[in-house]
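Source file input.txt; content: compact mmCIF, C-alpha atoms and all ligand atoms.
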```
# COMPACT_ATOMS: atom_id res chain seq x y z
CA MET A 92 60.57 94.04 67.05
CA THR A 93 59.62 90.34 67.11
CA VAL A 94 62.08 88.17 68.85
CA ASP A 95 61.39 84.50 69.31
CA VAL A 96 64.67 83.42 70.84
CA ARG A 97 64.16 81.85 74.25
CA LEU A 98 66.64 81.68 77.06
CA THR A 99 68.61 78.45 77.22
CA GLU A 100 67.87 75.86 79.91
CA ALA A 101 71.14 76.66 81.65
CA GLN A 102 70.18 80.34 81.77
CA MET A 103 66.73 79.57 83.16
CA ALA A 104 68.19 77.22 85.79
CA ALA A 105 70.49 80.03 86.96
CA PHE A 106 67.63 82.50 87.29
CA ASP A 107 65.51 79.93 89.12
CA ALA A 108 68.35 79.57 91.62
CA ILE A 109 68.29 83.26 92.58
CA PRO A 110 67.46 83.32 96.30
CA ASN A 111 64.29 85.04 97.48
CA ASP A 112 66.01 87.07 100.14
CA GLN A 113 69.29 88.72 101.03
CA VAL A 114 70.49 86.08 103.47
CA SER A 115 70.05 82.58 102.09
CA GLY A 116 72.67 81.43 99.65
CA ILE A 117 75.45 83.49 101.20
CA LYS A 118 78.46 81.41 102.09
CA PRO A 119 80.61 83.41 104.48
CA ALA A 120 84.24 83.48 103.39
CA PHE A 121 87.52 85.00 104.50
CA GLU A 122 90.11 84.73 101.79
CA LYS A 123 93.25 86.62 100.94
CA LEU A 124 94.46 87.98 97.63
CA SER A 125 98.05 89.16 97.21
CA VAL A 126 98.40 92.79 96.07
CA GLU A 127 101.37 91.84 93.85
CA ARG A 128 99.01 90.78 91.09
CA TYR A 129 97.99 94.40 90.60
CA LEU A 130 101.42 95.99 91.08
CA ASP A 131 104.11 93.86 89.49
CA PRO A 132 104.99 94.72 85.86
CA ALA A 133 106.49 91.21 85.48
CA ILE A 134 103.10 89.65 86.31
CA PHE A 135 101.49 91.91 83.73
CA GLU A 136 104.01 90.65 81.12
CA GLN A 137 103.04 87.07 82.00
CA GLU A 138 99.35 87.93 81.65
CA LYS A 139 100.04 89.41 78.23
CA GLU A 140 101.79 86.28 76.97
CA ALA A 141 99.59 83.68 78.65
CA ILE A 142 96.20 85.35 78.37
CA PHE A 143 95.87 88.40 76.13
CA LEU A 144 97.99 87.03 73.28
CA ASN A 145 97.11 83.41 73.86
CA LEU A 146 93.31 83.30 74.07
CA PRO A 147 90.49 84.71 71.91
CA MET A 148 89.89 88.32 72.99
CA PRO A 149 86.45 89.91 72.95
CA LEU A 150 87.34 93.03 70.95
CA ALA A 151 83.99 94.52 69.96
CA ALA A 152 80.27 93.99 70.00
CA SER A 153 79.04 93.01 66.53
CA ALA A 154 76.82 96.11 66.51
CA GLN A 155 79.94 98.29 66.62
CA LEU A 156 80.55 97.25 62.99
CA PRO A 157 76.98 97.90 61.87
CA GLY A 158 77.24 97.01 58.18
CA PRO A 159 79.42 96.12 55.20
CA ASP A 160 82.39 98.41 54.53
CA THR A 161 82.84 99.57 58.10
CA PHE A 162 86.04 99.40 60.12
CA LEU A 163 87.18 100.12 63.63
CA ARG A 164 90.47 100.33 65.49
CA GLN A 165 90.70 98.45 68.81
CA ASP A 166 93.89 98.39 70.94
CA ILE A 167 94.72 95.94 73.68
CA ALA A 168 97.86 94.92 75.60
CA GLY A 169 100.27 96.72 73.26
CA LYS A 170 98.58 95.53 70.06
CA SER A 171 96.52 97.60 67.68
CA VAL A 172 93.87 95.71 65.72
CA LEU A 173 91.88 96.78 62.68
CA LEU A 174 88.43 95.19 62.68
CA THR A 175 86.57 95.30 59.39
CA ARG A 176 83.27 94.08 58.02
CA ASP A 177 83.63 93.19 54.37
CA LYS A 178 81.02 93.60 51.65
CA GLY A 179 79.63 90.14 52.42
CA GLY A 180 79.14 91.14 56.07
CA VAL A 181 82.00 88.98 57.38
CA ALA A 182 83.92 90.40 60.34
CA ARG A 183 87.70 90.27 59.96
CA ALA A 184 90.69 91.34 61.99
CA PHE A 185 94.11 92.57 60.91
CA VAL A 186 97.26 93.97 62.45
CA ASN A 187 96.64 97.73 62.27
CA THR A 188 100.02 98.50 60.74
CA CYS A 189 100.76 99.65 57.21
CA ARG A 190 102.93 97.22 55.28
CA HIS A 191 104.93 100.08 53.70
CA ARG A 192 106.67 101.86 56.56
CA GLY A 193 104.87 100.43 59.55
CA VAL A 194 102.81 103.37 60.72
CA THR A 195 99.51 102.81 62.45
CA LEU A 196 97.13 102.43 59.56
CA CYS A 197 93.88 103.57 61.13
CA PRO A 198 94.73 106.24 63.71
CA SER A 199 91.16 106.95 64.83
CA HIS A 200 89.25 104.97 67.44
CA GLU A 201 85.94 106.07 65.91
CA LEU A 202 83.90 103.90 63.56
CA GLN A 203 84.96 104.47 59.93
CA THR A 204 83.00 103.79 56.77
CA GLY A 205 84.37 103.08 53.31
CA LYS A 206 85.62 100.42 50.94
CA LEU A 207 89.26 101.22 51.64
CA VAL A 208 91.47 101.89 54.62
CA VAL A 209 93.93 104.49 53.35
CA CYS A 210 97.22 104.94 55.14
CA PRO A 211 97.61 108.53 56.35
CA TYR A 212 101.33 108.66 55.38
CA HIS A 213 101.72 107.74 51.67
CA ALA A 214 98.14 106.70 50.96
CA TRP A 215 98.50 102.98 50.34
CA GLY A 216 94.94 101.65 50.27
CA TYR A 217 93.72 98.33 51.67
CA ALA A 218 90.37 96.69 50.99
CA MET A 219 88.16 95.34 53.78
CA ASP A 220 89.57 91.84 53.14
CA GLY A 221 93.05 93.20 53.83
CA ALA A 222 94.25 93.16 50.20
CA LEU A 223 96.59 95.97 49.15
CA THR A 224 94.75 97.57 46.26
CA GLY A 225 96.26 101.00 45.79
CA VAL A 226 99.86 102.25 45.74
CA PRO A 227 100.42 105.82 44.53
CA ARG A 228 103.27 106.08 41.98
CA ALA A 229 103.64 102.29 42.03
CA GLU A 230 106.36 102.55 39.36
CA ILE A 231 108.87 103.82 41.95
CA PHE A 232 108.97 100.37 43.58
CA SER A 233 111.18 98.08 41.54
CA ALA A 234 109.77 94.79 42.88
CA LEU A 235 106.50 95.27 44.69
CA ASN A 236 104.10 92.36 44.42
CA LYS A 237 100.87 93.74 45.85
CA ASP A 238 99.57 90.22 46.50
CA GLU A 239 102.28 89.77 49.10
CA TYR A 240 101.64 93.07 50.80
CA GLY A 241 98.18 92.61 52.19
CA LEU A 242 97.52 93.33 55.85
CA SER A 243 98.50 90.60 58.31
CA ALA A 244 95.28 88.78 59.14
CA LEU A 245 94.48 87.80 62.71
CA PRO A 246 92.32 84.78 63.62
CA CYS A 247 88.80 86.12 64.10
CA ALA A 248 85.36 84.70 64.87
CA GLU A 249 81.99 86.29 65.43
CA GLY A 250 79.25 84.72 67.50
CA GLY A 251 76.29 85.76 69.65
CA GLY A 252 76.89 89.46 68.99
CA MET A 253 80.58 89.62 69.88
CA ILE A 254 83.72 89.67 67.74
CA TRP A 255 86.63 87.59 69.07
CA VAL A 256 90.22 87.92 67.89
CA GLY A 257 93.48 86.05 68.41
CA LEU A 258 96.28 88.60 68.64
CA ARG A 259 99.10 86.42 67.25
CA PRO A 260 98.84 86.20 63.44
CA GLU A 261 100.33 82.70 63.42
CA GLY A 262 98.61 81.60 66.62
CA ARG A 263 96.12 78.74 66.86
CA TYR A 264 92.99 79.68 68.77
CA ASP A 265 90.04 77.59 69.80
CA PHE A 266 86.87 79.68 69.33
CA SER A 267 84.50 76.79 70.00
CA VAL A 268 83.12 78.05 73.33
CA GLU A 269 82.77 81.62 72.05
CA THR A 270 80.89 80.63 68.90
CA GLY A 271 79.09 77.69 70.55
CA GLN A 272 77.73 77.63 74.07
CA LEU A 273 78.48 81.26 74.90
CA ALA A 274 77.07 82.49 71.59
CA ARG A 275 73.84 80.54 72.23
CA GLU A 276 73.47 82.23 75.60
CA LEU A 277 74.25 85.68 74.21
CA ARG A 278 71.69 85.11 71.47
CA GLY A 279 69.28 84.19 74.28
CA ILE A 280 69.68 87.72 75.62
CA HIS A 281 69.53 89.09 72.04
CA LEU A 282 73.00 90.57 72.01
CA ASP A 283 73.34 89.68 68.33
CA GLN A 284 70.27 91.81 67.48
CA ALA A 285 71.40 94.89 69.34
CA ARG A 286 71.86 98.36 67.90
CA HIS A 287 74.92 100.38 68.83
CA PHE A 288 73.88 103.55 70.61
CA LYS A 289 77.11 105.17 71.81
CA THR A 290 80.62 104.46 73.05
CA LYS A 291 82.74 106.42 75.50
CA ALA A 292 86.39 105.74 76.25
CA PHE A 293 88.07 106.38 79.60
CA THR A 294 91.71 106.15 80.62
CA VAL A 295 91.89 104.78 84.13
CA LYS A 296 95.02 104.66 86.26
CA ALA A 297 94.40 101.18 87.57
CA ASN A 298 95.35 97.61 86.79
CA TRP A 299 92.85 95.93 84.46
CA LYS A 300 91.95 93.35 87.11
CA LEU A 301 90.94 96.03 89.60
CA LEU A 302 88.46 97.17 86.96
CA MET A 303 87.22 93.62 86.40
CA ASP A 304 86.83 93.37 90.17
CA THR A 305 84.30 96.20 90.09
CA THR A 306 82.12 94.06 87.83
CA LEU A 307 82.65 90.91 89.91
CA ASP A 308 81.86 92.31 93.34
CA SER A 309 78.23 92.34 94.45
CA TYR A 310 79.24 93.65 97.90
CA HIS A 311 79.87 97.21 96.70
CA VAL A 312 76.75 97.78 94.62
CA THR A 313 74.39 99.17 97.26
CA ARG A 314 77.29 100.97 99.00
CA LEU A 315 79.62 102.63 96.48
CA HIS A 316 76.61 103.33 94.26
CA ARG A 317 74.34 104.51 97.10
CA ASN A 318 73.54 107.78 95.30
CA THR A 319 72.99 106.30 91.84
CA VAL A 320 71.99 102.71 91.02
CA ALA A 321 71.83 101.19 94.52
CA SER A 322 68.04 101.25 94.78
CA MET A 323 67.71 99.20 91.58
CA PHE A 324 69.59 96.25 93.05
CA SER A 325 69.04 93.77 95.83
CA ASP A 326 71.91 93.27 98.27
CA SER A 327 71.80 89.53 97.70
CA PRO A 328 74.15 86.86 96.42
CA VAL A 329 74.87 86.23 92.78
CA ILE A 330 74.48 82.87 91.07
CA VAL A 331 77.75 82.41 89.20
CA GLU A 332 78.40 79.69 86.66
CA PRO A 333 81.18 79.18 84.15
CA VAL A 334 80.54 79.11 80.42
CA GLY A 335 83.93 77.90 79.25
CA LEU A 336 86.33 80.48 80.66
CA HIS A 337 83.54 83.04 80.86
CA LEU A 338 81.12 83.61 83.70
CA ARG A 339 77.36 84.00 83.74
CA ASN A 340 75.99 85.85 86.75
CA ALA A 341 72.37 86.12 87.76
CA SER A 342 71.07 88.17 90.65
CA ALA A 343 67.93 89.95 91.77
CA ARG A 344 66.87 93.49 91.03
CA GLY A 345 65.33 95.52 93.84
CA ASN A 346 61.83 94.51 92.70
CA PHE A 347 62.63 90.82 92.29
CA ALA A 348 59.60 88.53 92.35
CA ARG A 349 60.08 84.89 91.43
CA GLU A 350 56.73 84.65 89.66
CA ASP A 351 57.86 87.36 87.21
CA LEU A 352 60.77 85.26 85.96
CA SER A 353 60.13 83.91 82.51
CA ASP A 354 62.05 82.73 79.52
CA LYS A 355 61.24 86.01 77.78
CA VAL A 356 64.24 88.26 77.96
CA ALA A 357 62.22 91.48 78.17
CA MET A 358 60.64 90.30 81.42
CA LEU A 359 63.89 88.95 82.73
CA ARG A 360 65.63 92.28 82.22
CA LYS A 361 63.08 93.88 84.56
CA VAL A 362 63.40 91.58 87.56
CA ALA A 363 66.90 90.14 87.35
CA VAL A 364 70.40 91.36 86.60
CA VAL A 365 72.23 89.26 84.09
CA THR A 366 75.89 89.85 83.49
CA TYR A 367 78.47 87.96 81.53
CA GLN A 368 82.12 88.32 82.34
CA LEU A 369 83.90 87.62 79.10
CA PHE A 370 87.35 86.35 79.96
CA PRO A 371 89.65 88.04 80.46
CA ALA A 372 88.49 91.63 80.40
CA ALA A 373 84.97 92.52 79.29
CA THR A 374 81.56 92.53 80.91
CA VAL A 375 78.07 92.54 79.45
CA ILE A 376 75.35 93.90 81.75
CA LEU A 377 71.64 93.80 80.94
CA SER A 378 69.33 96.65 81.93
CA PRO A 379 65.64 96.91 81.03
CA HIS A 380 66.17 99.14 77.97
CA TYR A 381 69.81 98.77 77.08
CA THR A 382 72.87 96.58 77.42
CA SER A 383 76.19 97.90 78.70
CA VAL A 384 79.41 96.37 77.46
CA GLU A 385 82.49 97.40 79.39
CA MET A 386 85.78 96.48 77.76
CA PHE A 387 88.97 96.82 79.77
CA ARG A 388 92.06 97.19 77.59
CA PRO A 389 95.29 97.11 79.56
CA ILE A 390 97.94 99.61 78.51
CA SER A 391 100.40 98.75 81.29
CA HIS A 392 100.26 97.13 84.72
CA ASN A 393 98.72 100.29 86.20
CA GLU A 394 96.84 101.90 83.33
CA THR A 395 93.80 100.72 81.37
CA ARG A 396 91.75 102.10 78.53
CA VAL A 397 88.09 101.38 79.15
CA GLU A 398 85.39 101.44 76.54
CA PHE A 399 81.81 101.64 77.66
CA VAL A 400 79.59 100.60 74.78
CA MET A 401 75.86 101.09 75.08
CA LEU A 402 73.71 98.80 72.96
CA THR A 403 69.94 98.79 72.77
CA GLN A 404 67.22 96.45 71.62
CA HIS A 405 64.95 99.39 70.69
CA PRO A 406 64.77 100.69 67.11
CA GLN A 407 65.96 104.24 66.57
CA SER A 408 63.58 107.14 67.13
CA ALA A 409 64.07 110.64 68.50
CA GLU A 410 62.18 109.75 71.66
CA VAL A 411 64.04 106.48 72.27
CA ASP A 412 67.42 108.09 71.66
CA GLU A 413 66.65 110.99 73.96
CA ARG A 414 65.85 108.54 76.74
CA LEU A 415 68.94 106.50 75.97
CA GLN A 416 71.11 109.61 76.03
CA ARG A 417 69.97 110.28 79.60
CA SER A 418 70.78 106.69 80.56
CA PHE A 419 74.12 106.92 78.78
CA ASP A 420 75.11 110.08 80.68
CA PHE A 421 73.92 108.46 83.91
CA MET A 422 75.92 105.27 83.33
CA CYS A 423 79.01 107.27 82.38
CA ARG A 424 78.75 108.80 85.85
CA VAL A 425 78.12 105.44 87.56
CA PHE A 426 81.09 103.83 85.83
CA GLY A 427 83.43 106.81 85.51
CA GLU A 428 82.86 108.60 88.80
CA GLU A 429 82.13 105.56 90.95
CA ASP A 430 83.51 102.21 89.67
CA PHE A 431 86.58 103.55 87.85
CA TRP A 432 87.21 106.01 90.64
CA ALA A 433 87.14 103.13 93.17
CA ALA A 434 89.57 101.17 90.98
CA GLU A 435 91.95 104.17 90.89
CA LEU A 436 91.68 104.52 94.66
CA GLY A 437 92.49 100.83 94.92
CA GLN A 438 95.60 101.16 92.75
CA GLU A 439 96.69 104.22 94.70
CA GLY A 440 96.05 102.58 98.07
CA ILE A 441 97.98 99.39 97.40
CA SER A 442 100.83 101.21 95.59
CA SER A 443 102.04 102.52 98.95
CA GLY A 444 103.16 98.99 99.75
CA ASP A 445 101.66 99.10 103.23
CA LEU A 446 99.09 96.39 102.61
CA LYS A 447 100.28 92.98 101.43
CA GLU A 448 96.93 91.28 101.01
CA LEU A 449 93.32 92.09 100.26
CA THR A 450 90.49 90.33 102.10
CA LEU A 451 87.47 88.84 100.36
CA GLY A 452 84.17 87.84 101.96
CA GLY A 453 81.16 85.85 100.85
CA MET A 454 79.79 88.45 98.42
CA GLU A 455 83.06 88.63 96.52
CA ASN A 456 83.00 85.02 95.40
CA GLN A 457 82.98 85.92 91.69
CA MET A 458 86.28 87.73 92.21
CA ARG A 459 87.82 84.65 93.77
CA THR A 460 86.67 82.54 90.82
CA PHE A 461 88.03 85.06 88.32
CA HIS A 462 91.47 85.46 89.92
CA GLY A 463 91.74 81.68 90.16
CA MET A 464 91.11 81.47 86.42
CA VAL A 465 93.79 84.09 85.71
CA ASP A 466 96.32 82.15 87.80
CA GLN A 467 95.35 78.89 86.16
CA GLN A 468 95.90 80.29 82.66
CA ILE A 469 99.33 81.64 83.58
CA ASN A 470 100.39 78.38 85.22
CA LYS A 471 99.16 76.33 82.28
CA TYR A 472 100.99 78.49 79.75
CA TYR A 473 104.34 78.53 81.54
CA GLN A 474 104.20 74.81 82.40
CA LYS A 475 103.82 74.05 78.71
CA ALA A 476 106.53 76.51 77.65
S1 LIG A 501 103.57 104.13 55.70
FE1 LIG A 501 101.65 103.59 54.92
S2 LIG A 501 101.74 104.25 52.89
FE2 LIG A 501 103.69 104.71 53.65
FE FE A 502 79.88 99.09 90.40
```

Would you put the structure from the file into structure tokens?
Amino acid sequence: MTVDVRLTEAQMAAFDAIPNDQVSGIKPAFEKLSVERYLDPAIFEQEKEAIFLNLPMPLAASAQLPGPDTFLRQDIAGKSVLLTRDKGGVARAFVNTCRHRGVTLCPSHELQTGKLVVCPYHAWGYAMDGALTGVPRAEIFSALNKDEYGLSALPCAEGGGMIWVGLRPEGRYDFSVETGQLARELRGIHLDQARHFKTKAFTVKANWKLLMDTTLDSYHVTRLHRNTVASMFSDSPVIVEPVGLHLRNASARGNFAREDLSDKVAMLRKVAVVTYQLFPAATVILSPHYTSVEMFRPISHNETRVEFVMLTQHPQSAEVDERLQRSFDFMCRVFGEEDFWAAELGQEGISSGDLKELTLGGMENQMRTFHGMVDQQINKYYQKA
């Protein structure tokens, strides 16, 4: 595969700033984080209004809708969304509810293929552009104008290999960062050219932010993951920079050597760890032969559906897919049995009410940045309201 996209200057500057060792660049810290933010259902309601319904949500990697006439159900924060790719290749989003009697239109979370989404109840059929095209025994409805019964469209934009959706049909969303600066950076790491390998869903009994914390905490990597991925990483600080509301993180792999850094992404994947935290609740992590996308979909204040999506830059072959399957099973263990397990232990531990605050040190600086952004969005929303 020939890829001539180069990393952006901002990306290269971040990788150049990766320290050579495990000590320099660490700024010791001692900060407190209230446990209420993970426990209080009222705070979760505020997050829903001010963040999940109010900002563009990263709902899928583009590769999850691999071609025209494909569709996929994605749920988040009490909303069910139908993502489609129409015959022209345009990604669209709709409320996943049948306009007849309101049942969930696409019940499956698996990728579907076809020109129509057919309601499981009375078989009304909708085209990929949301138009109602088929109504069995249409003569029994005395005044049904099909043109007025299309699916409710949601604001949607695709850029850099991700599909972003606004969850309020009438809402006004600014997608400029997601389709501009962020998309340029994601193209730099070739996310838009990726192939979908596999997806696995988990239900985790933890607040969505505890799960985000696992992706924002470089302190745990060589400790919690001591039996799995620890040896691949250096226990060194992470260079964190905002891209709009999103974060780009660059850190060293275990075999980091500055002279190996280059603007070629294949080389970069080998010596550095690049992650993007897509606000509010998704993370993109680059590995040498694949890219992991973790999407955290809150169900309630203490339960989250997680989708781990594995993408790859390698074309399909039996040999490649066999190797990827091993990596996929391995990463399911790393995430499921280690990170998600730690998040559940966190939820369980703080639910007792015995601890009022968590303590953060100098290798948890990304977490402090992230929680500050969450607070800022809530304050901004309710000040305006
Ligand atoms: S509820 Fe969908 S066709 Fe009746
Ligand atoms: Fe982890």

Give me, as a list in words, the set of residues whose atoms come within 6 Å of any atom of ligand FE 502 (chain A), counting only C-alpha atoms and all ligand atoms.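 Selection of residues at most 6 Å from ligand FE 502 (chain A): Thr305, Val312 and Asp430 of chain A.
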
Could you give me, as an NGL selection string, the residues that sit within 12 Å of (78.4, 94.5, 93.1) in the file's coordinates, counting all atoms listed in the file? :A and (303-317 or 320-321 or 323-329 or 340-344 or 364 or 366 or 376 or 429-430 or 453-458)

Produce as a list in words the set of residues near ligand LIG 501 (chain A), where near means within 9 Å with all atoms listed in the file considered.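 After applying the 9 Å limit, what remains is Thr188, Cys189, Arg190, His191, Arg192, Gly193, Val194, Thr195, Leu196, Val209, Cys210, Pro211, Tyr212, His213, Ala214, Trp215, Gly216, Val226 and Pro227 of chain A.
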
Taking every listed atom of segment 453-469 of chain A and adding 6 Å to each side, what centre and edge lengths in Å (one decimal) does the axis-aligned box have, as lines of an AutoDock Vina configuration file?
```
center_x = 89.6
center_y = 83.8
center_z = 91.8
size_x = 31.5
size_y = 21.7
size_z = 30.2
```

List the neighbours of Leu449 of chain A out to 8 Å using only C-alpha atoms; skip same-chain residues closer than 6 positions along the sequence, and give me the result as a PyMOL selection string. chain A and resi 123-126

Measuring atom to atom with only C-alpha atoms, identify which of A:Ser322, A:Gln404, A:Leu301, A:Glu428 is nearest to Leu130 of chain A.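 Of the candidates, the smallest distance to Leu130 of chain A is held by A:Leu301.
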
Please identify all polymer residues within 10 Å of Gln137 of chain A, counting only C-alpha atoms, omitting same-chain residues fewer than 2 positions from it, and present them as a list in words. Pro132, Ala133, Ile134, Phe135, Lys139, Glu140, Ala141, Ile142, Phe143, Gln468, Ile469, Asn470, Tyr472 and Tyr473 of chain A

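In this model, the gap between atom CA of Pro406 of chain A and atom CA of Phe288 of chain A comes to 10.2 Å.
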
To one decimal place in Å, what is the distance between atom CA of Leu359 of chain A and atom CA of Ile109 of chain A?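 Atom CA of Ile109 of chain A lies 12.2 Å from atom CA of Leu359 of chain A.
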
Nearest-residue call for Ala244 of chain A, choices A:Ala357, A:Val172, A:Ala297, A:Cys197, using only C-alpha atoms: A:Val172

Test item: which residues lie within 9 Å of (78.4, 91.5, 58.6) counting all atoms listed in the file, as a VMD selection string: chain A and resid 153 156 to 160 176 to 182

Might you pull out every residue within 12 Å of Arg414 of chain A, with only C-alpha atoms counted and same-chain residues fewer than 5 positions away left off, and present them as a VMD selection string? chain A and resid 288 380 to 381 403 405 407 to 409 419 to 421

For the selection just defined, write its residues with C-alpha atoms to a file, as a compact mmCIF listing (two decimals), in the frame of the given file.
```txt
# COMPACT_ATOMS: atom_id res chain seq x y z
CA PHE A 288 73.88 103.55 70.61
CA HIS A 380 66.17 99.14 77.97
CA TYR A 381 69.81 98.77 77.08
CA THR A 403 69.94 98.79 72.77
CA HIS A 405 64.95 99.39 70.69
CA GLN A 407 65.96 104.24 66.57
CA SER A 408 63.58 107.14 67.13
CA ALA A 409 64.07 110.64 68.50
CA PHE A 419 74.12 106.92 78.78
CA ASP A 420 75.11 110.08 80.68
CA PHE A 421 73.92 108.46 83.91
```

Counting all atoms listed in the file, which residue out of A:Pro389, A:Phe399, A:Arg259, A:Phe106 sits closest to Glu136 of chain A?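 Under the stated criterion, the closest residue is A:Pro389.
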
For a test of reading the model, state the distance in Å between atom CA of Ile167 of chain A and atom CA of Phe387 of chain A, rounded to one decimal. 8.4 Å

Reconstruct segment 332-343 of chain A at the level of N, CA and C atoms, and format the result as a tab-separated table (two decimals), in the frame of the given file.
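After the write, part_25.tsv holds the following:
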```
chain	number	residue	atom	x	y	z
A	332	GLU	N	78.07	80.97	87.29
A	332	GLU	CA	78.40	79.69	86.66
A	332	GLU	C	79.33	79.93	85.49
A	333	PRO	N	80.27	79.01	85.29
A	333	PRO	CA	81.18	79.18	84.15
A	333	PRO	C	80.52	78.78	82.83
A	334	VAL	N	80.88	79.50	81.79
A	334	VAL	CA	80.54	79.11	80.42
A	334	VAL	C	81.89	79.09	79.72
A	335	GLY	N	82.52	77.94	79.66
A	335	GLY	CA	83.93	77.90	79.25
A	335	GLY	C	84.74	78.70	80.25
A	336	LEU	N	85.56	79.63	79.75
A	336	LEU	CA	86.33	80.48	80.66
A	336	LEU	C	85.53	81.71	81.09
A	337	HIS	N	84.35	81.85	80.58
A	337	HIS	CA	83.54	83.04	80.86
A	337	HIS	C	82.59	82.76	82.01
A	338	LEU	N	82.02	83.81	82.57
A	338	LEU	CA	81.12	83.61	83.70
A	338	LEU	C	79.75	84.20	83.41
A	339	ARG	N	78.71	83.45	83.78
A	339	ARG	CA	77.36	84.00	83.74
A	339	ARG	C	76.93	84.28	85.18
A	340	ASN	N	76.42	85.47	85.41
A	340	ASN	CA	75.99	85.85	86.75
A	340	ASN	C	74.53	86.24	86.70
A	341	ALA	N	73.79	85.77	87.68
A	341	ALA	CA	72.37	86.12	87.76
A	341	ALA	C	72.09	86.57	89.18
A	342	SER	N	71.44	87.70	89.31
A	342	SER	CA	71.07	88.17	90.65
A	342	SER	C	69.75	88.94	90.55
A	343	ALA	N	69.27	89.34	91.72
A	343	ALA	CA	67.93	89.95	91.77
A	343	ALA	C	68.02	91.46	91.63
```
